[in-house]
Amino acid sequence: GENVEQHPSTLSVQEGDSAVIKCTYSDSASNYFPWYKQELGKRPQLIIDIRSNVGEKKDQRIAVTLNKTAKHFSLHITETQPEDSAVYFCAASPTGTASKLTFGTGTRLQVTL
Amino acid sequence: NAGVTQTPKFQVLKTGQSMTLQCAQDMNHNSMYWYRQDPGMGLRLIYYSASEGTTDKGEVPNGYNVSRLNKREFSLRLESAAPSQTSVYFCASRPGQQETQYFGPGTRLLVL
């Protein structure tokens, strides 16, 4: 089955700096890669996703890059703000009827003033 | 449109007790999922239902059973709770033509 590794487990940045979170996956059949943000005590919420036919996707201050050859993908947050503080999860799945997601273990991002 | 709802929000059980976690979605989604979330381990898939009438095991199914009651509802049952099942349980649903999964608010379960 799929195995997703995520690094770092914790990340502290100053407000206004950039943050990068990296994930690797093992199953070459995976072609859908979402990123979820989870605030303390809340549900995971999708912030951005990418499919294998695309190398990069941006949404305002958030971007995701995908390298299918190396089986890794990354989340980039620019101009970080205190409200970006949360736990971020990457995931991978093959598309299809079930689209089962395999999640990474999460990165706790702390944005300090 | 409430999205994905879960009941109860919090539950305390004694070892050996049984209970059912309820999940419902009002978005007419085809697929539904149950995950557990433990510190440092991300979200792990327990069971899923690709469509009404079907269920399949995920990564960590032992000790659990599920029922896809209809298109809206997907329940998770613990027949004999164990302390190792102390966790936060999330239900999620997905439309048929998209990969995005939408999560419920979670159920926090403590087994003593």
# chains A, B, ... in the order shown; residues from 1 in each chain; ligands from 1
$ interface_residues --of "chain B" --to "chain A" --cutoff "10 Å" --atoms "only C-alpha atoms" --output "PyMOL selection string"
chain B and resi 30-33+37-45+47-51+56+58-59+88+90-92+94+96-106+108
$ select_by_dssp --residues "segment 18-98 of chain B" --states "strand (DSSP E)" --output "PyMOL selection string"
chain B and resi 19-25+31-37+43-49+56-57+64-68+74-78+87-94
$ residues_around --residues "Asn65 of chain B" --least-positions-apart "6" --cutoff "8 Å" --atoms "only C-alpha atoms" --output "VMD selection string"
chain B and resid 76 to 79
$ write_last_selection --atoms "C-alpha atoms" --output "compact mmCIF listing (two decimals), in the first residue's frame"
# COMPACT_ATOMS: atom_id res chain seq x y z
CA LEU B 76 -18.95 3.04 12.93
CA ARG B 77 -19.44 0.48 15.67
CA LEU B 78 -17.09 -0.60 18.42
CA GLU B 79 -18.36 -3.95 19.71
$ residues_around --residues "segment 7-11 of chain B" --least-positions-apart "4" --cutoff "10 Å" --atoms "only C-alpha atoms" --output "PyMOL selection string"
chain B and resi 19-24+75+86+88-89+104-111
$ residues_around --residues "Leu113 of chain A" --least-positions-apart "3" --cutoff "9 Å" --atoms "only C-alpha atoms" --output "list in words"
Val13, Gln14, Glu15, Gly16, Gln81 and Pro82 of chain A
$ write_last_selection --atoms "N, CA and C atoms" --output "JSON list (two decimals), in the first residue's frame"
[["chain", "number", "residue", "atom", "x", "y", "z"],
["A", 13, "VAL", "N", 8.42, 29.70, 12.24],
["A", 13, "VAL", "CA", 8.89, 30.78, 11.37],
["A", 13, "VAL", "C", 8.41, 32.10, 11.93],
["A", 14, "GLN", "N", 9.10, 33.16, 11.55],
["A", 14, "GLN", "CA", 8.67, 34.49, 11.95],
["A", 14, "GLN", "C", 7.62, 35.00, 10.95],
["A", 15, "GLU", "N", 6.73, 35.80, 11.45],
["A", 15, "GLU", "CA", 5.70, 36.38, 10.60],
["A", 15, "GLU", "C", 6.35, 37.07, 9.40],
["A", 16, "GLY", "N", 5.82, 36.79, 8.22],
["A", 16, "GLY", "CA", 6.34, 37.38, 7.00],
["A", 16, "GLY", "C", 7.33, 36.48, 6.27],
["A", 81, "GLN", "N", 1.43, 34.44, 8.23],
["A", 81, "GLN", "CA", 0.69, 35.26, 9.19],
["A", 81, "GLN", "C", 0.36, 34.40, 10.41],
["A", 82, "PRO", "N", 0.09, 35.02, 11.54],
["A", 82, "PRO", "CA", -0.22, 34.22, 12.75],
["A", 82, "PRO", "C", -1.36, 33.23, 12.53]]
$ atom_distance --atom1 "atom CA of Lys58 of chain A" --atom2 "atom CA of Ile21 of chain A"
14.9 Å
$ atom_distance --atom1 "atom CA of Ser80 of chain B" --atom2 "atom CA of Gly53 of chain B"
24.8 Å
$ residues_around --residues "Gly55 of chain A" --least-positions-apart "5" --cutoff "7 Å" --atoms "only C-alpha atoms" --output "MDAnalysis selection string"
chainID A and resid 65:67
$ closest_residue --among "B:Gln85, B:Glu52, B:Gly63, B:Asp26" --to "Gln6 of chain B" --atoms "only C-alpha atoms"
B:Asp26
$ atom_distance --atom1 "atom CA of His29 of chain B" --atom2 "atom CA of Asn70 of chain B"
11.1 Å
$ decode --residues "chain A" --atoms "C-alpha atoms" --output "PDB file, in the first residue's frame"
ATOM      1  CA  GLY A   1       0.000   0.000   0.000  1.00  0.00           C
ATOM      2  CA  GLU A   2       0.851   3.668  -0.094  1.00  0.00           C
ATOM      3  CA  ASN A   3       3.251   5.190   2.431  1.00  0.00           C
ATOM      4  CA  VAL A   4       3.504   8.959   2.864  1.00  0.00           C
ATOM      5  CA  GLU A   5       6.309  10.562   4.823  1.00  0.00           C
ATOM      6  CA  GLN A   6       6.143  14.208   5.904  1.00  0.00           C
ATOM      7  CA  HIS A   7       8.850  16.557   7.173  1.00  0.00           C
ATOM      8  CA  PRO A   8       9.449  18.443   9.346  1.00  0.00           C
ATOM      9  CA  SER A   9       7.183  17.454  12.203  1.00  0.00           C
ATOM     10  CA  THR A  10       7.402  20.968  13.664  1.00  0.00           C
ATOM     11  CA  LEU A  11       8.287  24.254  12.016  1.00  0.00           C
ATOM     12  CA  SER A  12       8.609  27.682  13.560  1.00  0.00           C
ATOM     13  CA  VAL A  13       8.893  30.776  11.368  1.00  0.00           C
ATOM     14  CA  GLN A  14       8.665  34.491  11.950  1.00  0.00           C
ATOM     15  CA  GLU A  15       5.703  36.379  10.598  1.00  0.00           C
ATOM     16  CA  GLY A  16       6.342  37.379   7.003  1.00  0.00           C
ATOM     17  CA  ASP A  17       8.808  34.565   6.332  1.00  0.00           C
ATOM     18  CA  SER A  18       8.109  31.579   4.079  1.00  0.00           C
ATOM     19  CA  ALA A  19       7.382  28.038   5.230  1.00  0.00           C
ATOM     20  CA  VAL A  20       8.005  24.841   3.284  1.00  0.00           C
ATOM     21  CA  ILE A  21       6.677  21.397   4.156  1.00  0.00           C
ATOM     22  CA  LYS A  22       7.799  18.341   2.214  1.00  0.00           C
ATOM     23  CA  CYS A  23       6.213  14.944   1.584  1.00  0.00           C
ATOM     24  CA  THR A  24       7.292  11.814  -0.215  1.00  0.00           C
ATOM     25  CA  TYR A  25       5.099   8.941  -1.348  1.00  0.00           C
ATOM     26  CA  SER A  26       5.795   5.388  -2.397  1.00  0.00           C
ATOM     27  CA  ASP A  27       3.025   4.268  -4.762  1.00  0.00           C
ATOM     28  CA  SER A  28       3.571   5.354  -8.352  1.00  0.00           C
ATOM     29  CA  ALA A  29      -0.172   4.869  -8.951  1.00  0.00           C
ATOM     30  CA  SER A  30      -0.976   7.852  -6.727  1.00  0.00           C
ATOM     31  CA  ASN A  31      -2.038  10.861  -8.749  1.00  0.00           C
ATOM     32  CA  TYR A  32      -3.984  13.078  -6.378  1.00  0.00           C
ATOM     33  CA  PHE A  33      -2.193  15.041  -3.634  1.00  0.00           C
ATOM     34  CA  PRO A  34      -4.218  17.245  -1.275  1.00  0.00           C
ATOM     35  CA  TRP A  35      -3.044  19.373   1.629  1.00  0.00           C
ATOM     36  CA  TYR A  36      -5.206  19.836   4.704  1.00  0.00           C
ATOM     37  CA  LYS A  37      -4.968  22.414   7.470  1.00  0.00           C
ATOM     38  CA  GLN A  38      -6.191  21.531  10.941  1.00  0.00           C
ATOM     39  CA  GLU A  39      -6.546  24.133  13.655  1.00  0.00           C
ATOM     40  CA  LEU A  40      -6.586  23.023  17.261  1.00  0.00           C
ATOM     41  CA  GLY A  41      -9.758  21.096  18.071  1.00  0.00           C
ATOM     42  CA  LYS A  42     -11.135  21.533  14.561  1.00  0.00           C
ATOM     43  CA  ARG A  43     -11.686  19.320  11.546  1.00  0.00           C
ATOM     44  CA  PRO A  44      -9.115  19.037   8.725  1.00  0.00           C
ATOM     45  CA  GLN A  45      -9.912  21.410   5.894  1.00  0.00           C
ATOM     46  CA  LEU A  46      -8.599  21.252   2.351  1.00  0.00           C
ATOM     47  CA  ILE A  47      -6.402  24.223   1.460  1.00  0.00           C
ATOM     48  CA  ILE A  48      -4.980  23.168  -1.887  1.00  0.00           C
ATOM     49  CA  ASP A  49      -4.572  20.061  -4.010  1.00  0.00           C
ATOM     50  CA  ILE A  50      -2.677  18.999  -7.101  1.00  0.00           C
ATOM     51  CA  ARG A  51      -3.073  16.263  -9.643  1.00  0.00           C
ATOM     52  CA  SER A  52      -0.273  14.401 -11.345  1.00  0.00           C
ATOM     53  CA  ASN A  53      -0.730  16.088 -14.690  1.00  0.00           C
ATOM     54  CA  VAL A  54       0.275  19.408 -13.121  1.00  0.00           C
ATOM     55  CA  GLY A  55       3.697  20.343 -11.718  1.00  0.00           C
ATOM     56  CA  GLU A  56       2.728  23.400  -9.688  1.00  0.00           C
ATOM     57  CA  LYS A  57      -0.403  25.101  -8.447  1.00  0.00           C
ATOM     58  CA  LYS A  58      -0.823  28.419  -6.649  1.00  0.00           C
ATOM     59  CA  ASP A  59      -3.608  29.995  -4.652  1.00  0.00           C
ATOM     60  CA  GLN A  60      -2.668  33.412  -3.288  1.00  0.00           C
ATOM     61  CA  ARG A  61       0.039  32.817  -0.648  1.00  0.00           C
ATOM     62  CA  ILE A  62      -0.076  29.038  -0.939  1.00  0.00           C
ATOM     63  CA  ALA A  63       1.565  26.901  -3.593  1.00  0.00           C
ATOM     64  CA  VAL A  64       2.147  23.206  -4.082  1.00  0.00           C
ATOM     65  CA  THR A  65       4.781  21.602  -6.291  1.00  0.00           C
ATOM     66  CA  LEU A  66       4.888  18.002  -7.451  1.00  0.00           C
ATOM     67  CA  ASN A  67       7.796  15.942  -8.772  1.00  0.00           C
ATOM     68  CA  LYS A  68       6.357  12.625  -9.945  1.00  0.00           C
ATOM     69  CA  THR A  69       9.716  11.223 -10.961  1.00  0.00           C
ATOM     70  CA  ALA A  70      11.112  11.679  -7.468  1.00  0.00           C
ATOM     71  CA  LYS A  71       7.734  10.948  -5.824  1.00  0.00           C
ATOM     72  CA  HIS A  72       7.692  14.065  -3.712  1.00  0.00           C
ATOM     73  CA  PHE A  73       5.515  17.129  -3.314  1.00  0.00           C
ATOM     74  CA  SER A  74       5.801  20.250  -1.223  1.00  0.00           C
ATOM     75  CA  LEU A  75       3.639  22.973   0.292  1.00  0.00           C
ATOM     76  CA  HIS A  76       4.928  26.532   0.208  1.00  0.00           C
ATOM     77  CA  ILE A  77       3.383  29.311   2.267  1.00  0.00           C
ATOM     78  CA  THR A  78       4.706  32.809   1.628  1.00  0.00           C
ATOM     79  CA  GLU A  79       4.332  35.916   3.791  1.00  0.00           C
ATOM     80  CA  THR A  80       3.205  33.826   6.740  1.00  0.00           C
ATOM     81  CA  GLN A  81       0.694  35.264   9.192  1.00  0.00           C
ATOM     82  CA  PRO A  82      -0.217  34.218  12.749  1.00  0.00           C
ATOM     83  CA  GLU A  83      -3.450  32.663  11.461  1.00  0.00           C
ATOM     84  CA  ASP A  84      -1.359  30.232   9.419  1.00  0.00           C
ATOM     85  CA  SER A  85      -0.395  28.543  12.698  1.00  0.00           C
ATOM     86  CA  ALA A  86      -1.920  25.052  12.572  1.00  0.00           C
ATOM     87  CA  VAL A  87      -1.101  21.445  11.767  1.00  0.00           C
ATOM     88  CA  TYR A  88      -0.741  20.697   8.074  1.00  0.00           C
ATOM     89  CA  PHE A  89      -1.221  17.253   6.563  1.00  0.00           C
ATOM     90  CA  CYS A  90      -0.256  16.041   3.139  1.00  0.00           C
ATOM     91  CA  ALA A  91      -1.963  13.038   1.570  1.00  0.00           C
ATOM     92  CA  ALA A  92      -1.848  10.906  -1.537  1.00  0.00           C
ATOM     93  CA  SER A  93      -4.298   8.671  -3.344  1.00  0.00           C
ATOM     94  CA  PRO A  94      -4.951   7.026  -6.664  1.00  0.00           C
ATOM     95  CA  THR A  95      -8.008   8.438  -8.359  1.00  0.00           C
ATOM     96  CA  GLY A  96     -10.888   6.112  -8.907  1.00  0.00           C
ATOM     97  CA  THR A  97     -14.062   4.973  -7.263  1.00  0.00           C
ATOM     98  CA  ALA A  98     -12.687   4.784  -3.752  1.00  0.00           C
ATOM     99  CA  SER A  99      -9.908   7.415  -3.804  1.00  0.00           C
ATOM    100  CA  LYS A 100      -8.551   6.294  -0.464  1.00  0.00           C
ATOM    101  CA  LEU A 101      -6.287   8.910   1.069  1.00  0.00           C
ATOM    102  CA  THR A 102      -3.061   8.016   2.840  1.00  0.00           C
ATOM    103  CA  PHE A 103      -1.976  10.847   5.120  1.00  0.00           C
ATOM    104  CA  GLY A 104       1.387  12.016   6.313  1.00  0.00           C
ATOM    105  CA  THR A 105       1.959  12.405  10.038  1.00  0.00           C
ATOM    106  CA  GLY A 106       1.510  16.166  10.033  1.00  0.00           C
ATOM    107  CA  THR A 107       3.592  19.322  10.496  1.00  0.00           C
ATOM    108  CA  ARG A 108       2.872  21.722  13.317  1.00  0.00           C
ATOM    109  CA  LEU A 109       3.547  25.227  11.980  1.00  0.00           C
ATOM    110  CA  GLN A 110       4.035  28.039  14.468  1.00  0.00           C
ATOM    111  CA  VAL A 111       4.179  31.580  13.131  1.00  0.00           C
ATOM    112  CA  THR A 112       5.714  33.912  15.671  1.00  0.00           C
ATOM    113  CA  LEU A 113       5.393  37.695  15.805  1.00  0.00           C
TER     114      LEU A 113
END
